[in-house]
Every structure is written in C-alpha cells, then in structure tokens.
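> Here's a structure for you.
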Amino acid sequence: MRRTLVLAGLCVLQMTVAIALAQNSGARPGGVENQTQSAAQFAGKIATNVNGLEVTVPIPHPPRGGLYVQSHAPLVAAPFMKLPIGAITPRGWLRHQLELEANGMTGRLKELSPWLDFEKSSWASPDGSGKFGWEEMPYWLKGFGDLGYVLKDQALIAEGRKWIEAILKTQRDDGYYGPRMLLTSLQGKPDLWPHMLVNNILQSWYEYSGDDRVIPFLLKYHRWLNAQPPSTFSNGYWPRIRFGDNIETCFWLYNRTGESFLLELAQRIYDNMAPWRNGIVNWHNVNLAQGFRAPGVFFTGSGAPRDLAQAEANYRQLIDMYGQFPGGGFAGDENCRPGFSDPRQGFETCGIVEFMHSFEMLTKISGDVRWADRTEDIAFNSFPAALTPDWKGLHYLTCANQVQLDKNNKAPDIENGGTMMSYSPFEVYRCCQHNVSHGWPYYAEELWLATADNGLAISLYSASEVVAKVGQGTEIRFVEETDYPFRDTIKLKLATAKSVTFPLHLRIPAWAEDAQIKVNGKRQMVATAPGSFAVLSREWKNGDDVAIKLPMRVSVRTWPKNENAVSVNYGPLTFSLKIAENWEKYGNRNPNWPEYEVLPASPWNYGLELNPRNPEKSFKVVKKSGPLAENPFIAANAPIELHAKARRIPEWQMDKLNVVGKLQPSPVKSDQSTETITLIPMGAARLRITSFPVIGHGTDARKWVANTTDSKAKN
Ligand SMILES: [Zn+2]
C-alpha cells in the first residue's frame with residue numbers, strides 16, 4: 001500500500017511514505033511456549049525514504065495500560081514507562097561511576113564554577129535579578145539532583161533542594177519564573193532555552209519526591225508560555241532548535257493533569273520551532289544530539305508513524321555522513337563540517353550525554369531495541385573516556401582516533417581554537433563542565449522500565465536492584481547481578497510476598513546471537529531474536545531466579561566511507577589500541593583540581609594483520625580472572641584484552657598540530673616486522689586508535705603517504 005500521509009495541523013509535510021501495516025509484521029517470531037508479544041505490540045512498520053535514505057521503523061501499538069504514568073488519550077500509549085526515580089538502585093561499576101561523580105566534578109562543582117554561586121545567581125533570587133541566569137546552573141542541577149536521588153545521598157539532595165526551593169520562589173503571578181533578564185535577552189525577545197532544563201529539574205524532583213507544589217508551578221508557567229506569540233518558539237538560535245525538549249515536558253505535564261491546552265501548546269511549539277520534521281536543520285554537535293529526536297517525541301502527540309520514522313531518519317543521515325567510525329558518536333567538533341569526517345574528529349561531551357538522553361527517551365516511546373543498543377554503545381565506549389578516571393576533569397572532545405591530549409590549539413584540524421583535548425575541571429569547557437552531570441544518573445534511572453502490560457522490562461543491563469509494582473499491583477523486588485558488559489551473564493533473583501503473574505521483557509541486543517534464558521535452571525523456549533525483547537510471561541514465585549546469557553563474540557566491522565578502516569567489537573564493547581599514557585599536570589590553579597595533558601608513551605601507528613578469510617579469528621580474547629575492578633574504565637584495569645597481530649606504518653604520524661594523521665585507504669603496505677598488540681575497551685583508553693588501517697600484501701596494497709594531513713581539508 002502506498003499513500004500520502006496528510007497530517008492535520010502539521011505544515012510542510014509533502015513527503016510520500018510507503019507504509020506496510022500488515023498485522024504484526026514487526027513482531028517477534030511467535031508460537032513458542034511461554035511467550036507473549038512484547039509490550040510494544042508492534043502494529044506494523046513504516047518504511048520511508050528520507051533524502052535518499054530508506055528507513056524502516058516498527059510502529060508501537062501497546063495497550064494503554066501499566067501501573068505507572070502512561071500516556072493519556074489522545075496521546076499515543078507508550079510501550080515502556082519510567083519507574084519513579086529511586087525505584088532502581090544501581091550497583092556494581094555503574095554505582096562506582098556515580099559515586100566518583102558525586103565526589104568529583106558534579107558533586108563538588110560549586111568549588112569551581114562561578115555560575116553556581118547561590119548568593120549571586122538570578123536563578124536563586126526571588127525577583128529573578130542577579131547574575132549567571134543562563135544554562136550553566138540548570139545544566140548542572142539537572143544531573144546533580146538526579147545524582148542525589150539515584151544514590152539516595154541526603155547531602156546532595158539537600159543541596160539540590162536549596163536551589164529548587166529558591167527557583168519555586170521566583171514565579172511571577174503570570175507564571176513566568178527565573179531570571180528576568182531572559183525575557184528580553186534575544187534582541188528584546190525571550191530566551192526560554194534554560195527553562196527547558198529547569199522544567200526537567202522540576203520533573204525529576206517531582207518524580208522523586210511527589211512535592212505537590214511542582215505540578216501547579218509548571219502548569220502556571222506553561223499557561224504563560226501558551227500565551228506567548230508563536231515567534232517565541234522560533235526565537236534565537238538555541239531555543240528554536242531545542243524547543244523539542246519542551247514538548248516532552250508538555251506531554252509529561254498533560255499525563256499528570258489532563259489539561260488539554262498542553263497538547264495545543266505542544267503542537268504550536270512543533271509548528272514554529274526549527275523543522276526537524278523535514279530532516280536535519282542544523283549541524284551543531286549538541287543541537288544534533290538533542291534536536292534530531294524532536295519528531296520522535298512529537299509522535300506521542302501526532303500518532304503519525306512518519307514522525308517516529310523521521311527521528312530514525314535524522315539519526316541515520318547524521319551517522320551516515322559523520323558517524324563512520326566506532327564509539328556511537330559522530331564527527332562534530334562544534335559543528336559537523338564537510339570534509340571533516342575522519343575518526344580523528346571529535347564528539348563533544350555535551351553531545352555524548354544528550355545523545356544518551358535522546359536514545360533513552362526514544363526507547364520508551366518506540367519500544368524499538370535499537371535505541372537501547374545505541375545508548376549502551378555510546379555509554380560504554382565513548383562516555384567514560386571523556387572524563388579522567390577520578391571524575392575530576394573532562395575534556396571537550398572525544399575522538400575514535402586520539403593519540404595525544406595536549407592543551408594546545410588544534411584548529412583548523414578541529415573547528416574550535418584553543419584547548420579542547422586535555423583534561424580540565426575548569427570553565428575552559430564551560431558547557432560540558434555543567435552538563436556532564438546527567439549522563440550516568442539518567443542512565444541509571446532507565447535500567448528497568450515499567451511496561452504497558454503491567455510487567456517490567458530490562459532496557460539496559462547493569463548490576464542493580466529494582467522495587468516495582470507488577471500484575472495487579474503487587475510490589476516485587478528483583479536483584480540483578482552482573483558484570484555486564486564485561487561478562488556475558490546476567491542473574492536475576494525475585495523477592496515477592498506472594499505469587500504473581502506478569503511479563504518480564506528482556507532486551508536481546510542486536511549483536512547477541514544465541515541468547516539463552518533460564519528460569520530456576522530450566523532453559524526457556526522463548527524467542528530471543530537479536531534486536532528484540534524476549535518475554536517471559538508466567539506466574540512468578542518468591543525466590544525465582546533468571547539467568548540470561550548474551551554470548552559475546554569478536555566482530556570486525558569495515559568502514560568503507562572512512563578508507564576501509566576496520567574496528568573490532570566484543571559484544572557491545574569496542575576495542576582500541578592500548579597506548580601507554582603519560583599523564584602530565586599543567587597549570588596550578590587549584591591544587592585540589594589538577595589539569596592534565598596525556599601524551600603517548602608507546603607507538604600507536606599500527607595497521608592490523610587480519611586473517612583474510614575470517615577476520616574475527618585474528619583476535620585472541622584474554623579475560624582477567626577474579627572480581628571486576630571497581631572502575632573498569634582505566635587502561636590498567638581493563639577486564640578484557642584482545643591480542644592481535646599488527647605492523648607499524650612509519651609514515652603515519654601526528655600532523656603539525658599534534659593531531660593523529662588522517663586515515664588513508666586500506667589495505668596499506670608495511671615493511672615493518674609483525675608485532676603482537678593489545679587492545680582494551682575503548683571506554684578505558686584515554687589515548688586510542690579505534691579505526692585501524694589494514695595491512696595488505698597484494699597488488700592492491702598502497703603505500704602510506706607522509707604528511708598529507710598538514711594540508712588543509714576543504715571547508
Ligand atoms: Zn559542552
């Protein structure tokens with residue numbers, strides 16, 4: 001069936017889409033014992049052609065059920081719902097990362113950041129006067145608050161609460177709140193971008209505390225917002241591009257109040273903001289990482305399959321053009337630039353955490369496993385190395401190939417001038433310094449999700465404990481024990497006061513062939529297709545245990561759009577060359593908060609010798625025995641290593657800006673002797689080569705040409 005979708009109320013949608021709405025065509029293999037359909041209950045798939053890119057997404061059609069806050073009509077029901085913040089207690093390495101964060105940059109940022117000066121901040125003054133009234137404090141508090149709630153750390157919660165109490169006191173009678181200067185800061189017009197962050201702060205506080213002042217406060221603000229002219233949503237640069245964030249808040253608030261003006265407001269925002277519904281509208285890293293999802297978020301309101309497909313299409317186009325290397329990010333060292341798509345280009349730390357947040361949101365809206373897979377990809381492989389192992393410094397740009405982190409200017413190799421790669425806790429990385437806060441806390445809140453069919457889902461695997469209602473409202477507790485992603489088994493233990501029937505949805509990542517699930521030691525005959533949710537629907541009893549095995553294998557990927565370089569994965573983990581790291585302190589601004597350059601102390605210019613018939617066989621997997629290190633994201637602690645054969649490529653050097661030379665076409669000739677090299681998880685490698693040239697011996701192998709990257713790429 002081919003038809004044109006005409007969407008009421010949406011302008012400029014002239015696209016023809018081919019839709020296949022065959023019943024259950026997007027569903028799992030069926031007909032096996034002990035299986036129900038996933039909560040997503042896919043009604044069909046939509047295939048759409050966007051800018052020459054064929055995109056197919058499953059369209060969720062879950063029951064409008066669940067024991068937590070479900071979308072209310074006329075909004076589209078969600079397959080998965082967030083559990084109240086605090087229901088999930090993270091354990092294992094994830095908890096350790098959160099504790100490092102609490103004792104590091106996020107927890108102690110007020111020692112460093114003038115924007116967090118409570119006495120001077122216009123976010124904290126009752127009449128909205130004062131200084132520092134833009135995004136910095138909200139960026140920080142957005143994650144700082146959730147960090148406290150997730151860790152149940154009363155000191156953090158109290159400190160965040162001080163700000164929240166102050167913000168609640170800034171509201172005017174007409175509903176506007178916060179810094180008054182924002183009302184006219186865009187050439188006389190309002191800049192409401194920072195408010196989108198504060199809305200999120202208050203949403204989290206409400207989800208954690210149930211504070212009954214929050215809903216009336218947000219309603220009053222949104223009434224004020226709804227009274228603004230349409231141009232409010234197309235003002236400026238950041239607000240116009242990022243207003244999709246406020247659409248999520250409109251729906252969140254609607255589901256808790258039933259106030260229909262919020263749906264009209266969401267529509268007005270969508271109609272007037274930058275039109276991500278038509279494709280990519282802006283090439284700024286962070287704008288992309290949060291803006292691309294806007295049509296997918298709006299799908300909840302429109303119900304138009306095309307909107308959900310557009311988010312996938314935006315993502316796909318971005319990755320196709322600029323994400324042709326491992327790590328889950330893309331080449332956007334401020335903006336994506338034509339001619340700058342080599343793995344030496346950088347991905348901003350703000351972009352990393354915003355991408356994670358976008359993927360987590362789309363997982364709940366769509367029920368599509370791909371978004372959870374993508375969350376893990378960037379969380380495991382790019383995020384940890386954006387920070388120092390102690391969380392007391394970060395850098396602006398993380399690159400798949402990045403062999404030296406010095407403080408010197410790298411422009412125009414990368415777009416921004418000045419310090420971009422060395423680690424610092426200071427305002428040289430002002431946005432990331434504050435915004436990094438929500439990466440792990442939000443992630444920890446999304447490990448387990450409530451489902452529309454009154455069950456639970458594991459979206460992201462991590463050691464954790466969850467307390468949640470299932471079935472007819474019975475409260476149960478699951479303890480999840482695992483060293484995932486460094487081990488391939490996950491064990492669940494159930495505690496329940498009485499037997500209860502409910503479905504348990506277990507994510508089977510796209511890379512996980514032959515996943516196995518046992519309940520009380522007995523293999524379950526459930527469909528476990530890679531890229532799906534396996535569903536265990538049964539009467540559960542106290543003490544039941546579930547064992548999930550997601551067999552991890554070496555996989556090798558070739559990147560034709562980046563000179564046929566290759567990268568290697570073991571399960572969800574991408575591996576990088578282990579380069580000896582020489583950490584050198586610089587500056588002396590604050591002895592408690594050192595800055596570091598990291599310089600290579602071993603060779604890095606290797607090409608891989610691959611088994612031509614079976615590249616995967618080129619790697620020997622070496623697993624460390626014993627308990628997992630508290631922080632596995634340190635080179636010395638790497639729980640898994642891969643050993644491989646390689647030869648050096650002497651002509652491959654850093655250029656005059658000390659940026660790793662660009663890739664050249666593989667296969668590459670080398671007359672150097674073969675060596676055994678060690679690869680470690682990318683997230684543990686602060687220096688790394690992740691996109692490798694391949695050594696060749698045939699007539700097609702080319703010689704590497706020295707110094708070509710000193711010539712400037714065309715802009
Ligand atoms: Zn940033």
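In the structure tokens, the first chain shown is A, the next is B, and so on; residue numbers restart at 1 for each chain, and ligands run from 1 in the order shown.
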Using only C-alpha atoms and all ligand atoms, determine which residues fall within 7 Å of ligand 1, then list them as a ChimeraX atom specification.
/A:348-351,396,429-432,435
> From a backbone DSSP assignment, name each residue in region 160-307 of chain A labelled alpha helix (DSSP H), as number ranges by chain.
A: 160-168, 193-209, 214-226, 238-242, 244-257, 261-272, 285-291, 294-302, 305-307
> Please extract the residues of region 289-354 of chain A with a backbone DSSP assignment of strand (DSSP E or B) and present them as a list in words.
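After running DSSP on the backbone, region 289-354 of chain A has strand (DSSP E or B) at Gly332, Asn335, Phe347 and Glu348 of chain A.
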> For region 117-131 of chain A, list every protein, DNA or RNA residue within 7 Å, evaluated using only C-alpha atoms, and leave out those in the same chain fewer than 2 positions away; present the list as an mmCIF file with C-alpha atoms, in the first residue's frame.

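New file part.cif:
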data_model
loop_
_atom_site.group_PDB
_atom_site.id
_atom_site.type_symbol
_atom_site.label_atom_id
_atom_site.label_comp_id
_atom_site.auth_asym_id
_atom_site.auth_seq_id
_atom_site.Cartn_x
_atom_site.Cartn_y
_atom_site.Cartn_z
ATOM 1 C CA PRO A 114 31.160 30.874 39.424
ATOM 2 C CA TRP A 115 27.796 30.045 37.836
ATOM 3 C CA GLY A 133 20.974 33.463 34.590
ATOM 4 C CA TRP A 163 18.192 25.599 44.551
ATOM 5 C CA ALA A 166 14.736 29.145 45.523
ATOM 6 C CA ILE A 167 13.517 28.600 41.958
ATOM 7 C CA LYS A 169 10.019 31.296 44.873
ATOM 8 C CA THR A 170 10.848 33.160 41.651
ATOM 9 C CA GLY A 178 13.528 32.517 36.841
ATOM 10 C CA PRO A 179 15.902 35.222 35.630
ATOM 11 C CA ARG A 180 14.032 38.252 34.362
#
> Would you pick out the contacts of His395 (chain A) at 12 Å or less, using only C-alpha atoms, so that residues sharing its chain but fewer than 5 positions from it are not included, and give the list as JSON, numbers by chain?
{"A": [333, 346, 347, 348, 349, 350, 352, 382, 383, 384, 385, 386, 387, 388, 405, 406, 407, 419, 420, 421, 422, 423, 424, 425, 426, 427, 428, 429, 430, 431, 432, 433, 436, 595, 596, 597, 598, 686]}
> Can you list every residue of region 336-415 of chain A that has an atom at most 12 Å from region 141-146 of chain A, with its nearest atom pair and the distance in Å to one decimal, using only C-alpha atoms, ordered by chain then number, as a Markdown table?

| residue | atom | partner | partner_atom | distance |
| --- | --- | --- | --- | --- |
| A:Val353 | CA | A:Gly143 | CA | 10.4 |
| A:Glu354 | CA | A:Gly143 | CA | 11.7 |
| A:His357 | CA | A:Gly143 | CA | 11.4 |
> Have a look at A:Ala43, A:Leu362, A:Leu183, A:Ile59 and name the one nearest to Arg374 (chain A); count only C-alpha atoms.
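Of all the options, A:Leu362 lies closest to Arg374 (chain A).
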> Figure out the distance between CA of Met682 (chain A) and CA of Glu581 (chain A), please, to one decimal in Å.
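Computing it gives 14.0 Å between the two atoms.
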> Find the residues around region 149-159 of chain A up to 10 Å (only C-alpha atoms counted), leave out those fewer than 6 positions away in its own chain, and share them as a PyMOL selection string.
chain A and resi 85-91+95+98-99+102+107-108+141+143+204-205+207-209+440-442+444-445
> Rank nothing, just name the residue among A:Thr528, A:Asn631, A:Ser231, A:Ser576 nearest to His643 (chain A), using only C-alpha atoms.
A:Ser576
> Interatomic distance between CA of Ala684 (chain A) and CA of Leu394 (chain A)?
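Between these atoms lies a distance of 13.9 Å.
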> Would you pick out the contacts of Arg223 (chain A) at 10 Å or less, using only C-alpha atoms, so that residues sharing its chain but fewer than 3 positions from it are not included, and give the list as a PyMOL selection string?
chain A and resi 174-176+218-220+226-228+261-262+265
> Let's have the selection written as a PDB file, in the first residue's frame, with N, CA and C atoms.

ATOM      1  N   ASP A 174       1.970  35.852  36.687  1.00  0.00           N
ATOM      2  CA  ASP A 174       1.560  35.403  35.346  1.00  0.00           C
ATOM      3  C   ASP A 174       2.164  34.050  34.964  1.00  0.00           C
ATOM      4  N   GLY A 175       3.002  33.486  35.842  1.00  0.00           N
ATOM      5  CA  GLY A 175       3.524  32.149  35.581  1.00  0.00           C
ATOM      6  C   GLY A 175       4.996  32.102  35.215  1.00  0.00           C
ATOM      7  N   TYR A 176       5.521  33.192  34.679  1.00  0.00           N
ATOM      8  CA  TYR A 176       6.944  33.198  34.347  1.00  0.00           C
ATOM      9  C   TYR A 176       7.764  33.032  35.621  1.00  0.00           C
ATOM     10  N   LEU A 218       4.537  24.261  37.362  1.00  0.00           N
ATOM     11  CA  LEU A 218       4.805  24.016  35.938  1.00  0.00           C
ATOM     12  C   LEU A 218       3.587  24.355  35.081  1.00  0.00           C
ATOM     13  N   LEU A 219       2.398  24.072  35.607  1.00  0.00           N
ATOM     14  CA  LEU A 219       1.179  24.412  34.852  1.00  0.00           C
ATOM     15  C   LEU A 219       1.092  25.918  34.627  1.00  0.00           C
ATOM     16  N   LYS A 220       1.375  26.649  35.676  1.00  0.00           N
ATOM     17  CA  LYS A 220       1.289  28.104  35.595  1.00  0.00           C
ATOM     18  C   LYS A 220       2.303  28.645  34.583  1.00  0.00           C
ATOM     19  N   ASN A 226       1.994  29.417  26.852  1.00  0.00           N
ATOM     20  CA  ASN A 226       0.953  29.259  25.829  1.00  0.00           C
ATOM     21  C   ASN A 226       0.379  30.608  25.386  1.00  0.00           C
ATOM     22  N   ALA A 227       0.560  31.600  26.237  1.00  0.00           N
ATOM     23  CA  ALA A 227       0.045  32.933  25.895  1.00  0.00           C
ATOM     24  C   ALA A 227       1.055  33.737  25.074  1.00  0.00           C
ATOM     25  N   GLN A 228       2.225  33.201  24.862  1.00  0.00           N
ATOM     26  CA  GLN A 228       3.242  33.915  24.092  1.00  0.00           C
ATOM     27  C   GLN A 228       2.960  33.779  22.592  1.00  0.00           C
ATOM     28  N   PHE A 261      -4.857  22.194  27.078  1.00  0.00           N
ATOM     29  CA  PHE A 261      -4.106  23.285  26.440  1.00  0.00           C
ATOM     30  C   PHE A 261      -2.645  22.875  26.209  1.00  0.00           C
ATOM     31  N   LEU A 262      -2.168  21.927  26.997  1.00  0.00           N
ATOM     32  CA  LEU A 262      -0.778  21.491  26.858  1.00  0.00           C
ATOM     33  C   LEU A 262      -0.539  20.804  25.518  1.00  0.00           C
ATOM     34  N   LEU A 265      -0.366  23.508  22.999  1.00  0.00           N
ATOM     35  CA  LEU A 265       0.936  24.167  23.139  1.00  0.00           C
ATOM     36  C   LEU A 265       2.038  23.335  22.476  1.00  0.00           C
TER      37      LEU A 265
END
> By how many Å are CA of Pro600 (chain A) and CA of Leu628 (chain A) apart?
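CA of Leu628 (chain A) lies at a distance of 26.3 Å from CA of Pro600 (chain A).
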> What's the 6 Å shell around Asn569 (chain A), counting only C-alpha atoms, without same-chain residues fewer than 6 positions away, as an mmCIF file with N, CA and C atoms, in the first residue's frame?

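Heads up, here's the output in out_32.cif:
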data_model
loop_
_atom_site.group_PDB
_atom_site.id
_atom_site.type_symbol
_atom_site.label_atom_id
_atom_site.label_comp_id
_atom_site.auth_asym_id
_atom_site.auth_seq_id
_atom_site.Cartn_x
_atom_site.Cartn_y
_atom_site.Cartn_z
ATOM 1 N N VAL A 554 33.750 -11.891 19.026
ATOM 2 C CA VAL A 554 34.504 -10.858 18.303
ATOM 3 C C VAL A 554 33.792 -10.576 16.985
ATOM 4 N N SER A 555 33.619 -9.310 16.689
ATOM 5 C CA SER A 555 33.099 -8.945 15.372
ATOM 6 C C SER A 555 33.968 -7.823 14.809
ATOM 7 N N PHE A 575 36.872 -2.025 20.910
ATOM 8 C CA PHE A 575 38.245 -2.098 21.431
ATOM 9 C C PHE A 575 39.188 -1.140 20.705
#
> Any chance you could tabulate, as a Markdown table, the residues of region 592-703 of chain A at most 9 Å from region 482-497 of chain A with each one's nearest atom pair and distance in Å to one decimal, using only C-alpha atoms, in chain and rising number order?

| residue | atom | partner | partner_atom | distance |
| --- | --- | --- | --- | --- |
| A:Lys623 | CA | A:Phe486 | CA | 8.9 |
| A:Pro627 | CA | A:Asp483 | CA | 8.9 |
| A:Leu628 | CA | A:Asp483 | CA | 7.0 |
| A:Pro632 | CA | A:Phe486 | CA | 8.6 |
| A:Pro639 | CA | A:Phe486 | CA | 6.5 |
| A:Ile640 | CA | A:Phe486 | CA | 7.0 |
